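Source file: my_file_22.cif; contents: mmCIF, C-alpha atoms.
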data_protein
#
loop_
_atom_site.label_atom_id
_atom_site.label_comp_id
_atom_site.auth_asym_id
_atom_site.auth_seq_id
_atom_site.Cartn_x
_atom_site.Cartn_y
_atom_site.Cartn_z
CA MET A 125 92.78 0.56 35.49
CA SER A 126 94.53 1.11 32.21
CA ASP A 127 92.62 3.52 29.98
CA LYS A 128 94.02 1.87 26.82
CA LYS A 129 92.74 -1.58 27.85
CA PHE A 130 89.20 -0.25 28.14
CA THR A 131 89.07 2.01 25.10
CA PRO A 132 85.57 1.83 23.61
CA VAL A 133 85.05 0.05 20.31
CA LYS A 134 83.57 2.09 17.46
CA LEU A 135 81.07 0.02 15.52
CA ALA A 136 78.63 0.53 12.69
CA LEU A 137 75.31 -0.70 14.08
CA GLU A 138 72.56 -1.79 11.71
CA LYS A 139 68.91 -0.83 12.03
CA ASP A 140 66.71 -3.56 13.56
CA LYS A 141 69.61 -6.01 14.02
CA ARG A 142 69.70 -7.60 17.50
CA TYR A 143 72.95 -7.22 19.43
CA ALA A 144 73.89 -8.93 22.71
CA TRP A 145 76.34 -6.74 24.66
CA CYS A 146 78.52 -8.63 27.15
CA THR A 147 77.78 -7.47 30.72
CA CYS A 148 80.11 -9.85 32.60
CA GLY A 149 83.49 -9.02 31.03
CA HIS A 150 84.42 -12.68 30.48
CA SER A 151 83.51 -12.91 26.78
CA GLU A 152 86.42 -13.68 24.46
CA THR A 153 84.95 -11.11 22.07
CA ASN A 154 84.50 -8.61 24.97
CA VAL A 155 81.99 -6.32 23.36
CA PHE A 156 79.46 -8.99 22.42
CA CYS A 157 78.30 -11.99 24.44
CA ASP A 158 79.74 -15.42 23.67
CA GLY A 159 77.97 -17.22 26.54
CA SER A 160 80.95 -17.09 28.94
CA HIS A 161 78.71 -15.68 31.68
CA LYS A 162 77.21 -19.15 32.11
CA LYS A 163 80.44 -20.83 33.23
CA HIS A 164 81.28 -17.85 35.46
CA GLU A 165 77.74 -17.77 36.92
CA LYS A 166 77.27 -14.11 35.94
CA PRO A 167 74.18 -12.31 34.59
CA GLY A 168 73.47 -12.66 30.88
CA SER A 169 73.89 -10.16 28.09
CA LEU A 170 72.07 -6.92 27.39
CA VAL A 171 70.14 -7.37 24.13
CA PHE A 172 69.53 -4.18 22.17
CA GLN A 173 68.61 -2.81 18.75
CA VAL A 174 68.96 0.59 17.11
CA GLU A 175 66.20 2.37 15.21
CA GLU A 176 68.49 3.56 12.43
CA ASP A 177 71.93 2.66 11.06
CA LYS A 178 74.53 4.52 13.10
CA ASP A 179 78.10 4.51 14.35
CA ALA A 180 78.43 4.07 18.10
CA ARG A 181 81.16 3.79 20.73
CA ILE A 182 80.47 0.56 22.63
CA CYS A 183 81.73 0.23 26.21
CA THR A 184 84.42 -2.36 27.01
CA CYS A 185 85.05 -1.52 30.70
CA LYS A 186 81.47 -2.35 31.84
CA LEU A 187 81.41 0.78 34.07
CA THR A 188 79.18 2.88 31.81
CA ARG A 189 75.97 4.33 33.20
CA ASN A 190 74.50 4.19 29.68
CA PRO A 191 74.95 0.56 28.56
CA PRO A 192 75.99 -0.53 26.02
CA TYR A 193 77.36 2.87 25.02
CA CYS A 194 80.59 4.34 26.37
CA ASP A 195 80.07 7.35 28.66
CA GLY A 196 83.75 7.88 29.53
CA SER A 197 83.54 6.10 32.92
CA HIS A 198 86.76 4.21 32.13
CA LYS A 199 88.63 7.51 32.53
CA ASN A 200 87.51 8.06 36.14
#
Please express what this file holds, its structure, as structure tokens.
Amino acid sequence: MSDKKFTPVKLALEKDKRYAWCTCGHSETNVFCDGSHKKHEKPGSLVFQVEEDKDARICTCKLTRNPPYCDGSHKN
């Protein structure tokens, strides 16, 4: 697997905003769910919020053990 293809995305997350992280890998936006899991018959998104505004590295490879945050699994 190409490390560059799965480089995490650094995002500014907003307190109390709901995010839907794509778990299936078929989303056109990759990081966030666009509903593509439905046509691929895959599980839905992981909905999450943060308790304070913060920058975070969001996983794109879907191998993380700490979803939705990157834990470096794409390098293994």
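Put simply, the PyMOL selection byres ((chain A and resi 174-185) around 6) in this file takes in Phe130, Pro132, Val133, Lys134, Leu135, Ala136, Leu137, Glu138, Lys139, Asp140, Val155, Gln173, Lys186, Leu187, Pro192, Tyr193 and Cys194 of chain A.
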Can you tell me, as a VMD selection string, what residues are no more than 10 Å from segment 156-164 of chain A when counting only C-alpha atoms, ignoring any on the same chain fewer than 4 positions away?
chain A and resid 143 to 152 168 to 171 182 184 192
One decimal place gives the atom CA of Asn190 of chain A-atom CA of Lys141 of chain A separation as 19.3 Å
